[in-house]
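Visitor: For reference, this is model-v4.txt, and it has compact mmCIF, C-alpha atoms.
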# COMPACT_ATOMS: atom_id res chain seq x y z
CA MET A 1 41.65 54.67 -40.14
CA PRO A 2 44.15 54.49 -37.25
CA PHE A 3 43.36 51.83 -34.67
CA PHE A 4 42.71 54.40 -31.93
CA ASP A 5 40.13 56.27 -34.04
CA ARG A 6 38.48 53.08 -35.20
CA THR A 7 38.25 51.59 -31.69
CA THR A 8 36.87 54.75 -30.05
CA SER A 9 34.47 55.24 -32.95
CA LEU A 10 33.02 51.76 -32.40
CA LEU A 11 32.84 52.21 -28.62
CA ASP A 12 31.11 55.58 -29.05
CA THR A 13 28.34 53.86 -31.04
CA LYS A 14 27.83 51.38 -28.16
CA GLN A 15 29.57 48.58 -30.05
CA ASN A 16 31.51 46.20 -27.79
CA VAL A 17 35.08 45.62 -29.00
CA PHE A 18 37.57 42.75 -28.73
CA LEU A 19 41.07 44.21 -29.19
CA THR A 20 43.64 41.52 -29.93
CA GLY A 21 47.02 40.81 -31.50
CA GLY A 22 50.29 39.07 -30.70
CA ALA A 23 52.83 40.14 -28.10
CA GLY A 24 54.46 43.51 -28.71
CA THR A 25 51.79 44.79 -31.10
CA GLY A 26 50.76 47.66 -28.83
CA LYS A 27 47.56 46.43 -27.14
CA THR A 28 48.48 47.94 -23.76
CA THR A 29 49.66 51.23 -25.30
CA LEU A 30 46.40 51.59 -27.24
CA THR A 31 44.36 50.64 -24.16
CA ARG A 32 46.07 53.35 -22.10
CA LYS A 33 45.37 55.92 -24.81
CA ILE A 34 41.69 54.94 -24.79
CA ILE A 35 41.59 55.27 -20.98
CA GLU A 36 43.19 58.74 -21.17
CA HIS A 37 40.79 59.78 -23.95
CA TYR A 38 37.60 58.81 -22.11
CA SER A 39 38.85 60.10 -18.76
CA SER A 40 39.68 63.48 -20.32
CA GLU A 41 36.08 63.66 -21.54
CA GLY A 42 34.83 63.15 -17.99
CA LYS A 43 33.61 59.63 -18.72
CA LYS A 44 33.98 56.88 -16.14
CA VAL A 45 36.18 53.92 -17.06
CA ALA A 46 36.49 50.69 -15.08
CA LYS A 47 39.95 49.17 -15.67
CA LEU A 48 39.70 45.50 -14.82
CA ALA A 49 41.58 42.19 -15.19
CA SER A 50 41.30 38.69 -13.77
CA THR A 51 44.65 38.84 -11.96
CA GLY A 52 46.03 41.51 -9.69
CA MET A 53 49.23 41.89 -11.69
CA ALA A 54 47.40 42.43 -14.98
CA ALA A 55 45.12 44.95 -13.24
CA THR A 56 48.00 46.99 -11.83
CA LEU A 57 49.57 47.29 -15.29
CA ILE A 58 46.61 49.45 -16.36
CA GLY A 59 46.11 51.05 -12.94
CA GLY A 60 42.91 49.18 -12.20
CA GLN A 61 41.27 46.50 -10.08
CA THR A 62 40.53 42.80 -10.31
CA LEU A 63 37.20 41.67 -11.70
CA HIS A 64 36.37 39.89 -8.44
CA SER A 65 36.95 43.04 -6.40
CA PHE A 66 35.07 45.49 -8.65
CA LEU A 67 32.10 43.19 -9.27
CA ASP A 68 31.96 41.91 -5.67
CA LEU A 69 32.38 38.25 -6.64
CA GLY A 70 34.20 37.21 -3.48
CA ILE A 71 36.19 34.06 -4.12
CA ALA A 72 33.56 32.45 -6.35
CA ASP A 73 34.64 30.87 -9.65
CA SER A 74 31.16 30.41 -11.10
CA ILE A 75 27.55 31.54 -10.76
CA GLU A 76 26.82 28.32 -8.83
CA GLU A 77 29.55 29.17 -6.30
CA LEU A 78 28.29 32.75 -6.17
CA GLU A 79 24.89 31.41 -5.09
CA GLN A 80 26.41 28.93 -2.61
CA LYS A 81 28.38 31.71 -0.94
CA GLY A 82 25.36 33.98 -0.65
CA LYS A 83 26.61 36.60 -3.12
CA LEU A 84 24.25 36.00 -6.03
CA GLU A 85 22.15 39.08 -5.30
CA ILE A 86 23.93 42.32 -6.07
CA LYS A 87 24.51 44.98 -3.41
CA LYS A 88 22.99 48.39 -4.03
CA LYS A 89 26.35 50.17 -3.96
CA ILE A 90 27.87 47.69 -6.48
CA LYS A 91 24.83 48.07 -8.74
CA LYS A 92 25.17 51.84 -8.63
CA LEU A 93 28.92 51.64 -9.27
CA ILE A 94 28.60 49.41 -12.34
CA ALA A 95 25.67 51.41 -13.75
CA SER A 96 27.71 54.63 -13.50
CA MET A 97 30.45 53.33 -15.85
CA ASP A 98 30.61 54.48 -19.46
CA LEU A 99 33.26 51.95 -20.43
CA ILE A 100 34.40 48.71 -18.82
CA ILE A 101 37.80 47.40 -19.91
CA ILE A 102 38.77 43.77 -19.28
CA ASP A 103 42.49 43.35 -19.90
CA GLU A 104 44.28 40.01 -20.39
CA ILE A 105 41.00 38.45 -21.48
CA SER A 106 42.83 35.18 -22.25
CA MET A 107 43.08 34.57 -18.49
CA VAL A 108 39.32 34.99 -17.95
CA SER A 109 37.50 31.65 -17.80
CA ALA A 110 34.06 30.98 -19.30
CA PRO A 111 32.39 30.67 -15.86
CA LEU A 112 33.95 33.99 -14.77
CA PHE A 113 32.75 35.66 -17.97
CA GLU A 114 29.22 34.44 -17.23
CA MET A 115 29.47 36.09 -13.79
CA ILE A 116 30.60 39.33 -15.43
CA ARG A 117 27.52 39.43 -17.65
CA LEU A 118 25.29 38.56 -14.70
CA ARG A 119 26.54 41.58 -12.76
CA LEU A 120 26.13 43.86 -15.79
CA LEU A 121 22.55 42.66 -16.28
CA GLN A 122 21.78 43.07 -12.58
CA SER A 123 23.06 46.66 -12.80
CA ASP A 124 21.27 47.53 -16.04
CA PHE A 125 24.67 48.54 -17.45
CA LYS A 126 24.26 50.87 -20.46
CA GLY A 127 27.91 51.41 -21.33
CA THR A 128 30.25 49.47 -23.60
CA LEU A 129 32.74 46.67 -23.06
CA LEU A 130 36.33 46.56 -24.33
CA ALA A 131 37.98 43.12 -24.00
CA VAL A 132 41.74 43.21 -24.58
CA GLY A 133 44.17 40.33 -24.98
CA ASP A 134 45.46 37.39 -26.97
CA PHE A 135 43.99 33.92 -26.46
CA LEU A 136 47.29 32.48 -27.70
CA GLN A 137 49.04 33.76 -24.59
CA LEU A 138 48.55 32.79 -20.92
CA PRO A 139 45.30 30.81 -20.37
CA PRO A 140 42.93 30.87 -17.37
CA VAL A 141 44.22 29.24 -14.20
CA VAL A 142 42.18 26.17 -13.29
CA ARG A 143 42.12 24.17 -10.09
CA GLY A 144 43.84 20.80 -10.24
CA TYR A 145 43.93 19.29 -13.70
CA GLY A 146 40.52 20.38 -14.91
CA GLU A 147 39.85 21.39 -18.50
CA ILE A 148 40.36 25.02 -19.49
CA TYR A 149 37.25 26.89 -20.65
CA PHE A 150 37.97 30.28 -22.24
CA ALA A 151 35.77 33.37 -22.14
CA PHE A 152 34.88 32.95 -25.81
CA GLU A 153 33.32 29.54 -25.03
CA SER A 154 30.64 31.13 -22.85
CA GLU A 155 27.19 32.03 -24.10
CA SER A 156 27.80 35.54 -22.81
CA TRP A 157 30.64 36.09 -25.31
CA GLN A 158 28.16 35.58 -28.16
CA ARG A 159 25.64 37.89 -26.44
CA PHE A 160 28.11 40.76 -26.34
CA ALA A 161 28.60 40.49 -30.14
CA PHE A 162 32.14 41.84 -30.10
CA GLU A 163 33.65 43.59 -33.10
CA THR A 164 37.22 42.28 -33.42
CA ILE A 165 40.17 44.59 -34.05
CA THR A 166 43.52 42.85 -34.60
CA LEU A 167 46.87 44.63 -34.22
CA GLU A 168 49.53 42.99 -36.39
CA VAL A 169 52.73 45.04 -36.39
CA ASN A 170 55.32 43.92 -33.80
CA HIS A 171 56.87 47.04 -32.23
CA ARG A 172 59.16 45.12 -29.85
CA SER A 173 61.57 43.83 -32.49
CA ASP A 174 62.49 45.04 -35.98
CA ASP A 175 64.17 41.74 -36.94
CA ARG A 176 61.84 40.37 -39.62
CA ASP A 177 63.09 36.78 -39.46
CA PHE A 178 62.69 36.70 -35.68
CA VAL A 179 59.18 38.20 -35.86
CA LYS A 180 58.24 35.59 -38.48
CA VAL A 181 59.44 32.77 -36.20
CA LEU A 182 57.56 34.34 -33.26
CA ASP A 183 54.34 34.27 -35.28
CA ARG A 184 54.88 30.62 -36.18
CA VAL A 185 55.54 29.72 -32.53
CA ARG A 186 52.43 31.66 -31.49
CA PHE A 187 50.30 29.46 -33.75
CA ALA A 188 52.28 26.29 -32.88
CA GLU A 189 53.34 25.92 -36.51
CA VAL A 190 56.94 24.92 -35.89
CA GLY A 191 58.38 23.31 -39.01
CA ASP A 192 61.91 22.47 -40.14
CA ASP A 193 62.86 26.13 -40.73
CA GLU A 194 61.72 27.11 -37.23
CA HIS A 195 63.49 24.10 -35.72
CA TYR A 196 66.71 25.20 -37.39
CA TYR A 197 66.26 28.83 -36.31
CA LEU A 198 65.46 28.02 -32.66
CA HIS A 199 68.27 25.48 -32.41
CA HIS A 200 70.77 28.17 -33.37
CA LEU A 201 69.59 30.26 -30.42
CA ILE A 202 71.18 27.66 -28.12
CA LYS A 203 74.50 29.39 -27.52
CA PRO A 204 77.36 29.14 -25.01
CA ILE A 205 76.80 31.10 -21.80
CA GLY A 206 79.81 32.90 -20.41
CA GLU A 207 80.91 32.79 -16.79
CA ASP A 208 79.66 36.33 -16.14
CA LEU A 209 75.89 35.96 -15.83
CA SER A 210 75.35 39.56 -14.72
CA GLN A 211 74.77 40.76 -18.27
CA TYR A 212 71.81 38.40 -18.78
CA THR A 213 68.29 38.18 -17.43
CA TYR A 214 67.18 34.60 -16.85
CA LEU A 215 63.51 33.95 -17.56
CA TYR A 216 62.11 31.17 -15.35
CA GLY A 217 58.72 29.51 -15.06
CA LYS A 218 58.89 29.28 -11.26
CA ASN A 219 59.10 32.01 -8.60
CA TYR A 220 61.48 29.96 -6.47
CA SER A 221 64.01 29.59 -9.31
CA ALA A 222 64.02 33.31 -10.10
CA SER A 223 64.40 34.35 -6.43
CA ARG A 224 67.20 31.86 -5.80
CA HIS A 225 69.12 33.02 -8.89
CA ASN A 226 68.78 36.72 -7.95
CA GLU A 227 70.02 36.13 -4.41
CA ALA A 228 72.98 34.00 -5.52
CA GLN A 229 74.14 36.46 -8.18
CA LEU A 230 73.78 39.50 -5.91
CA ALA A 231 76.01 37.79 -3.34
CA PHE A 232 78.83 37.61 -5.92
CA ILE A 233 79.05 41.40 -6.19
CA ASP A 234 81.78 42.76 -3.93
CA SER A 235 80.18 45.98 -2.68
CA ASP A 236 78.04 47.08 0.26
CA GLU A 237 74.41 46.03 0.19
CA MET A 238 71.69 48.59 0.84
CA MET A 239 68.07 47.74 1.57
CA TYR A 240 65.18 50.04 0.68
CA GLU A 241 61.87 49.54 2.46
CA ALA A 242 58.67 50.24 0.56
CA GLN A 243 56.87 53.21 2.13
CA LEU A 244 53.12 52.94 2.69
CA VAL A 245 50.70 55.87 2.73
CA LYS A 246 47.14 55.00 3.80
CA HIS A 247 44.26 57.09 2.46
CA ASP A 248 41.64 54.70 3.87
CA LYS A 249 41.89 53.61 7.51
CA GLN A 250 40.27 50.28 6.67
CA THR A 251 43.30 49.20 4.62
CA THR A 252 44.57 45.82 5.84
CA GLU A 253 48.10 44.42 5.90
CA LYS A 254 46.99 41.53 3.69
CA GLU A 255 45.70 43.95 1.05
CA VAL A 256 49.04 45.75 0.96
CA GLU A 257 51.02 42.50 0.70
CA ARG A 258 48.86 41.34 -2.19
CA PHE A 259 49.24 44.67 -3.96
CA LEU A 260 53.04 44.59 -3.59
CA SER A 261 53.15 41.16 -5.23
CA ASP A 262 50.70 42.09 -7.99
CA ALA A 263 52.42 45.37 -8.82
CA ARG A 264 55.92 43.82 -8.84
CA ILE A 265 57.00 46.07 -5.97
CA GLU A 266 59.70 44.81 -3.61
CA SER A 267 58.79 45.35 0.04
CA GLN A 268 62.51 45.18 0.78
CA LEU A 269 64.59 46.04 -2.27
CA LYS A 270 68.20 44.88 -1.87
CA LEU A 271 70.72 46.63 -4.11
CA LYS A 272 74.47 46.94 -4.60
CA VAL A 273 76.58 49.23 -6.75
CA GLY A 274 77.31 47.21 -9.88
CA ALA A 275 74.07 45.20 -9.75
CA PRO A 276 72.04 44.97 -12.99
CA VAL A 277 68.40 46.04 -12.74
CA LEU A 278 65.26 46.12 -14.87
CA PHE A 279 62.95 49.12 -14.87
CA THR A 280 59.45 47.94 -13.95
CA ARG A 281 57.53 50.98 -15.21
CA ASN A 282 57.40 53.24 -18.25
CA ALA A 283 58.64 56.84 -18.03
CA TRP A 284 59.90 59.47 -20.43
CA ASN A 285 63.53 58.33 -19.95
CA TYR A 286 63.15 54.54 -19.53
CA PHE A 287 60.73 51.75 -20.42
CA ASN A 288 59.28 48.68 -18.72
CA GLY A 289 61.91 45.93 -19.01
CA GLU A 290 64.81 48.21 -19.99
CA ARG A 291 68.10 47.19 -18.44
CA GLY A 292 70.55 49.27 -16.44
CA ARG A 293 73.27 49.01 -13.80
CA ILE A 294 73.45 50.60 -10.35
CA VAL A 295 76.29 53.16 -10.31
CA ARG A 296 75.55 55.00 -7.06
CA LEU A 297 73.34 54.55 -4.01
CA SER A 298 72.19 56.96 -1.33
CA ASP A 299 69.41 56.85 1.25
CA GLU A 300 66.75 58.39 -0.99
CA ILE A 301 68.21 58.33 -4.52
CA VAL A 302 69.39 55.53 -6.79
CA PHE A 303 71.50 56.24 -9.88
CA VAL A 304 71.11 53.77 -12.76
CA GLU A 305 73.27 53.79 -15.89
CA LYS A 306 71.45 52.49 -18.94
CA SER A 307 73.08 50.57 -21.81
CA ASP A 308 73.30 53.78 -23.85
CA GLY A 309 75.45 55.41 -21.14
CA VAL A 310 72.70 57.73 -19.88
CA VAL A 311 72.48 57.86 -16.07
CA VAL A 312 68.96 58.03 -14.65
CA LYS A 313 68.44 59.63 -11.23
CA LEU A 314 65.67 57.63 -9.56
CA GLU A 315 63.49 58.58 -6.62
CA ARG A 316 60.74 56.47 -5.12
CA ALA A 317 57.69 56.29 -7.36
CA ALA A 318 54.13 56.03 -6.05
CA MET A 319 51.84 53.17 -7.07
CA ALA A 320 48.27 53.52 -5.84
CA LYS A 321 45.55 51.01 -5.10
CA THR A 322 42.32 52.74 -6.11
CA GLN A 323 38.68 52.31 -5.16
CA TRP A 324 35.39 53.84 -6.29
CA LYS A 325 33.40 55.88 -3.78
CA GLU A 326 30.23 57.91 -3.92
CA LYS A 327 31.00 61.60 -3.41
CA THR A 328 29.14 64.87 -3.73
CA VAL A 329 30.64 66.80 -6.65
CA GLU A 330 29.25 70.24 -7.46
CA GLY A 331 26.08 69.53 -5.53
CA LYS A 332 25.31 66.09 -6.95
CA LYS A 333 26.30 62.59 -5.96
CA GLU A 334 28.50 60.58 -8.32
CA MET A 335 31.07 57.77 -8.27
CA VAL A 336 34.66 58.95 -7.98
CA GLU A 337 37.84 56.85 -8.29
CA GLU A 338 40.36 57.70 -5.60
CA PRO A 339 43.40 56.05 -3.97
CA LYS A 340 42.80 53.66 -1.07
CA PHE A 341 46.52 53.54 -0.32
CA SER A 342 49.79 54.13 -2.15
CA VAL A 343 53.17 52.46 -1.97
CA HIS A 344 56.38 54.36 -2.67
CA GLN A 345 59.34 52.35 -3.94
CA PHE A 346 62.03 52.58 -6.61
CA PRO A 347 60.60 51.29 -9.95
CA ILE A 348 63.33 48.69 -10.49
CA ALA A 349 64.01 45.02 -9.79
CA LEU A 350 67.16 42.93 -9.90
CA ALA A 351 67.78 41.89 -13.50
CA PHE A 352 69.51 38.57 -12.88
CA ALA A 353 66.19 36.72 -13.17
CA ILE A 354 62.43 37.17 -13.45
CA THR A 355 59.49 34.82 -13.97
CA ILE A 356 57.65 34.57 -17.27
CA HIS A 357 54.47 35.69 -15.51
CA LYS A 358 56.10 38.77 -13.98
CA SER A 359 57.74 39.69 -17.29
CA GLN A 360 54.26 40.49 -18.61
CA GLY A 361 54.37 43.68 -20.70
CA MET A 362 58.19 43.84 -20.66
CA SER A 363 60.66 44.18 -23.53
CA ILE A 364 63.93 42.63 -22.29
CA GLU A 365 67.40 42.70 -23.83
CA ASP A 366 70.13 40.09 -23.15
CA LEU A 367 67.73 37.32 -22.26
CA ILE A 368 68.22 33.65 -21.36
CA ILE A 369 65.12 31.43 -21.37
CA GLU A 370 65.17 28.42 -19.07
CA THR A 371 63.25 26.12 -21.40
CA THR A 372 63.11 23.28 -18.85
CA GLU A 373 60.57 25.30 -16.83
CA ILE A 374 58.06 25.70 -19.65
CA PHE A 375 54.93 23.79 -18.61
CA ALA A 376 51.80 25.63 -19.85
CA PRO A 377 50.24 26.22 -23.30
CA SER A 378 51.63 29.33 -25.04
CA GLN A 379 54.17 29.86 -22.23
CA PHE A 380 57.15 29.42 -24.55
CA TYR A 381 55.72 32.02 -26.93
CA VAL A 382 55.18 34.50 -24.08
CA ALA A 383 58.79 33.98 -22.94
CA LEU A 384 60.26 34.21 -26.44
CA SER A 385 58.28 37.36 -27.26
CA ARG A 386 59.87 39.29 -24.37
CA ALA A 387 63.12 39.46 -26.39
CA THR A 388 63.90 42.54 -28.45
CA SER A 389 66.49 40.84 -30.65
CA PRO A 390 67.53 37.24 -31.44
CA HIS A 391 71.16 38.37 -31.29
CA ARG A 392 70.75 39.07 -27.56
CA LEU A 393 68.70 35.97 -26.81
CA ILE A 394 69.93 32.57 -25.58
CA LEU A 395 67.80 29.44 -25.20
CA LYS A 396 68.81 26.69 -22.79
CA GLN A 397 68.85 23.23 -24.36
CA PRO A 398 65.25 21.95 -23.98
CA LEU A 399 64.41 18.52 -22.61
CA THR A 400 61.93 17.97 -25.43
CA ASP A 401 61.38 18.72 -29.08
CA TRP A 402 60.65 22.33 -30.13
CA CYS A 403 57.18 21.25 -31.32
CA ASN A 404 56.36 19.94 -27.84
CA LEU A 405 57.69 23.12 -26.27
CA ALA A 406 55.74 25.48 -28.55
CA PHE A 407 52.28 24.06 -27.90
CA VAL A 408 48.97 25.91 -27.63
CA ASN A 409 45.44 25.10 -26.53
CA HIS A 410 43.61 23.84 -29.63
CA LYS A 411 40.40 25.72 -28.74
CA ALA A 412 42.28 29.01 -28.44
CA LEU A 413 44.06 28.29 -31.71
CA ASN A 414 40.84 27.59 -33.62
CA PHE A 415 39.10 30.65 -32.20
CA THR A 416 42.01 32.96 -33.05
CA LYS A 417 42.26 31.69 -36.60
CA ARG A 418 38.51 32.17 -37.13
CA ASN A 419 38.60 35.72 -35.78
CA PHE A 420 41.80 36.96 -37.43
CA THR A 421 40.53 40.25 -38.84
CA ILE A 422 41.91 43.76 -39.18
Can you give me the file's structure in the form of structure tokens?
Guide:
Amino acid sequence: MPFFDRTTSLLDTKQNVFLTGGAGTGKTTLTRKIIEHYSSEGKKVAKLASTGMAATLIGGQTLHSFLDLGIADSIEELEQKGKLEIKKKIKKLIASMDLIIIDEISMVSAPLFEMIRLRLLQSDFKGTLLAVGDFLQLPPVVRGYGEIYFAFESESWQRFAFETITLEVNHRSDDRDFVKVLDRVRFAEVGDDEHYYLHHLIKPIGEDLSQYTYLYGKNYSASRHNEAQLAFIDSDEMMYEAQLVKHDKQTTEKEVERFLSDARIESQLKLKVGAPVLFTRNAWNYFNGERGRIVRLSDEIVFVEKSDGVVVKLERAAMAKTQWKEKTVEGKKEMVEEPKFSVHQFPIALAFAITIHKSQGMSIEDLIIETTEIFAPSQFYVALSRATSPHRLILKQPLTDWCNLAFVNHKALNFTKRNFTI
């Protein structure tokens, strides 16, 4: 049975589902199809994630915002901050949902997962839960140097009794040898063959860096590289301001700034004819991470030539921050999702450099990975899996051994191996 049919069949029988698989296996695509399916049936779907950026990728909200958790990181903090009791409107909102999706579940900590279950119990939630993600990718962010506790370590994970569905086919690359190495790196099983393979991805870098996208671990490094490379282009610079449309008068400037960052939208997009760019959204004629080059600029239109020679005429695209409100529909009150505000900007970013975190969901050609900025478990795998082909991938000489670079959290590794089912 196709994965879509199997997943929706389980959810329809009130079975909670954990949808997993490595990078590029289609988790986000399948999740979007499930959202479309349930929405078309008039069912209410909460699209949630622990970080703002992950939430915007599925057009949703953060867990803290939707569940009214404030800035608490645990039930104890929730009580300390006076938010343990649930508000009536939040209780009604949660209870009205047929399906709650938690994307990028690997970044949800055990204490946060306990808070999620608390809110669902307080609301007498009768719907189903779909957790999506790969615990061998980016882990939860912890304060200081504390130990990482994953969602699956919480008692609540056992209570939800998830049925696991694992996607296995990599759709990002059709190079079998590369996909095999990716899988080995994902599980931190880097032997002599993988050492040899990865070492041969260290190649000379030409003087013209404009054809490559550098993948950095730090925001500062990516921003500095983009600015420096743009300055080398001998053409007039144009700046495009993001345009804000408020649907809710209570929208604050801080909210908008946070949304811009989360949604990878430039508040001031600086472009030049000749500059390489990455598309930051999916559309019928381009995909998230696809590369192009600016060939013409006007006040309201940007022309981008893709690598296949096709020129795309771009206008500003709208990205909306949504909220749930109680409305009267056909004589009865119900919860309705509507935009709080929308931001209009061209769906592109300079392609000279991007951070590993912001490359989430992207398939990138002509990639250089700055291995010296790999510092977190599974980060090297996430970076490596952005590439569509090893022939268009360059690794910078690492400061350490490949085994030390391709490391994972042992708890995440053990859990994934135990739950590897199809």
Visitor: Quick one: of A:Met107, A:Ala412, A:Leu67, A:Ile356, who's nearest to Ala54 in chain A, counting all atoms listed in the file?
Guide: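 Between A:Met107, A:Ala412, A:Leu67, A:Ile356, the residue approaching Ala54 in chain A most closely is A:Met107.
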Visitor: Under the rule of at most 12 Å, produce a per-residue listing of range 292-387 of chain A near range 131-140 of chain A: chain, number, name, the closest pair of atoms, and the distance in Å, as CSV, using only C-alpha atoms.
Guide:
residue,atom,partner,partner_atom,distance
A:Ile356,CA,A:Leu138,CA,10.0
A:His357,CA,A:Leu138,CA,8.5
A:Lys358,CA,A:Leu138,CA,11.9
A:Gln360,CA,A:Leu138,CA,9.9
A:Gly361,CA,A:Gly133,CA,11.6
A:Ile374,CA,A:Leu138,CA,11.9
A:Phe375,CA,A:Leu138,CA,11.3
A:Ala376,CA,A:Leu138,CA,7.9
A:Pro377,CA,A:Leu138,CA,7.2
A:Ser378,CA,A:Gln137,CA,5.2
A:Gln379,CA,A:Leu138,CA,6.5
A:Phe380,CA,A:Gln137,CA,9.2
A:Tyr381,CA,A:Gln137,CA,7.3
A:Val382,CA,A:Gln137,CA,6.2
A:Ala383,CA,A:Gln137,CA,9.9
A:Leu384,CA,A:Gln137,CA,11.4
A:Ser385,CA,A:Gln137,CA,10.3
Visitor: So, counting all atoms listed in the file, which residue among A:Glu207, A:Glu305, A:Asp299, A:Glu189 is closest to Cys403 in chain A?
Guide: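 Comparing A:Glu207, A:Glu305, A:Asp299, A:Glu189 against Cys403 in chain A, the winner is A:Glu189.
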Visitor: Hey, which of A:His64, A:His247, A:His200, A:His171 ends up closest to Pro339 in chain A? Count all atoms listed in the file.
Guide: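 Among the listed residues, the smallest separation from Pro339 in chain A belongs to A:His247.
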Visitor: Quick one: everything within 6 Å of Ile202 in chain A, counting only C-alpha atoms, minus sequence neighbours fewer than 2 positions away in the same chain. Send it as a list of chain:residue names.
Guide: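 Final neighbour list, sorted by chain and number: A:His199, A:His200, A:Ile394, A:Leu395, A:Lys396.
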Visitor: Let's have the selection written as a compact mmCIF listing (two decimals), in the coordinates of the input, with C-alpha atoms.
Guide:
# COMPACT_ATOMS: atom_id res chain seq x y z
CA HIS A 199 68.27 25.48 -32.41
CA HIS A 200 70.77 28.17 -33.37
CA ILE A 394 69.93 32.57 -25.58
CA LEU A 395 67.80 29.44 -25.20
CA LYS A 396 68.81 26.69 -22.79
Visitor: For a quick check of understanding, using only C-alpha atoms, which of A:Ile148, A:Leu63, A:Leu10, A:Leu271 has the smallest distance to Ala349 in chain A?
Guide: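 Closest to Ala349 in chain A of all the choices is A:Leu271.
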Visitor: Could you jot down the CA of Asp103 in chain A to CA of Gly217 in chain A separation for me, Å, one decimal place?
Guide: 21.9 Å
Visitor: Given only C-alpha atoms as the basis, pick out the residue of A:Phe303, A:Tyr286, A:Phe3, A:Phe341 nearest to Thr31 in chain A.
Guide: A:Phe3
Visitor: Give the centre and edge lengths of an axis-aligned box, in Å to one decimal, that holds all listed atoms of range 385-391 of chain A with 3 Å on each side, as JSON.
Guide:
{"center_x": 64.7, "center_y": 39.9, "center_z": -27.9, "size_x": 18.9, "size_y": 11.3, "size_z": 13.1}
Visitor: Identify the residues around (28.3, 50.8, -8.7) within a radius of 9 Å, measuring from all atoms listed in the file in the coordinates stated by the file, and give them as a count of residues only.
Guide: 18
Visitor: What does the distance from CA of Gly289 in chain A to CA of Ile265 in chain A come to in Å, to one decimal?
Guide: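 If I compute the distance from CA of Gly289 in chain A to CA of Ile265 in chain A, I get 13.9 Å.
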Visitor: If I put a ball of radius 12 Å at (74.8, 56.9, -19.2) in the file's coordinates, which residues poke into it when counting all atoms listed in the file, written as a PyMOL selection string?
Guide: chain A and resi 285-286+291-295+303-313
Visitor: Convert the current residue selection to file output with C-alpha atoms, as a PDB file, in the coordinates of the input.
Guide:
ATOM      1  CA  ASN A 285      63.530  58.330 -19.950  1.00  0.00           C
ATOM      2  CA  TYR A 286      63.150  54.540 -19.530  1.00  0.00           C
ATOM      3  CA  ARG A 291      68.100  47.190 -18.440  1.00  0.00           C
ATOM      4  CA  GLY A 292      70.550  49.270 -16.440  1.00  0.00           C
ATOM      5  CA  ARG A 293      73.270  49.010 -13.800  1.00  0.00           C
ATOM      6  CA  ILE A 294      73.450  50.600 -10.350  1.00  0.00           C
ATOM      7  CA  VAL A 295      76.290  53.160 -10.310  1.00  0.00           C
ATOM      8  CA  PHE A 303      71.500  56.240  -9.880  1.00  0.00           C
ATOM      9  CA  VAL A 304      71.110  53.770 -12.760  1.00  0.00           C
ATOM     10  CA  GLU A 305      73.270  53.790 -15.890  1.00  0.00           C
ATOM     11  CA  LYS A 306      71.450  52.490 -18.940  1.00  0.00           C
ATOM     12  CA  SER A 307      73.080  50.570 -21.810  1.00  0.00           C
ATOM     13  CA  ASP A 308      73.300  53.780 -23.850  1.00  0.00           C
ATOM     14  CA  GLY A 309      75.450  55.410 -21.140  1.00  0.00           C
ATOM     15  CA  VAL A 310      72.700  57.730 -19.880  1.00  0.00           C
ATOM     16  CA  VAL A 311      72.480  57.860 -16.070  1.00  0.00           C
ATOM     17  CA  VAL A 312      68.960  58.030 -14.650  1.00  0.00           C
ATOM     18  CA  LYS A 313      68.440  59.630 -11.230  1.00  0.00           C
TER      19      LYS A 313
END
Visitor: So the first atom is CA of Lys246 in chain A and the second is CA of His344 in chain A; what is the distance between them in Å, to one decimal place?
Guide: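 So the two atoms, CA of Lys246 in chain A and CA of His344 in chain A, lie 11.3 Å apart.
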Visitor: Which residue is closest to Asp208 in chain A? Choose from A:Phe232, A:Tyr220, A:Tyr38, A:Trp157 and count all atoms listed in the file.
Guide: A:Phe232
Visitor: If we count only C-alpha atoms and set the cut-off at 8 Å, which residues sit around Gly22 in chain A, ignoring sequence neighbours fewer than 6 positions away in its own chain? Please answer as a PDB file with C-alpha atoms, in the frame of the given file.
Guide:
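What landed in selection-v4.pdb:
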ATOM      1  CA  ASP A 134      45.460  37.390 -26.970  1.00  0.00           C
ATOM      2  CA  LEU A 136      47.290  32.480 -27.700  1.00  0.00           C
ATOM      3  CA  LEU A 167      46.870  44.630 -34.220  1.00  0.00           C
ATOM      4  CA  GLU A 168      49.530  42.990 -36.390  1.00  0.00           C
ATOM      5  CA  ASN A 170      55.320  43.920 -33.800  1.00  0.00           C
ATOM      6  CA  ASP A 183      54.340  34.270 -35.280  1.00  0.00           C
ATOM      7  CA  ARG A 186      52.430  31.660 -31.490  1.00  0.00           C
TER       8      ARG A 186
END
Visitor: Set the distance at 12 Å and use only C-alpha atoms: which residues neighbour Arg143 in chain A once local chain neighbours fewer than 4 positions away are removed? I'd like the list as a count of residues only.
Guide: 5
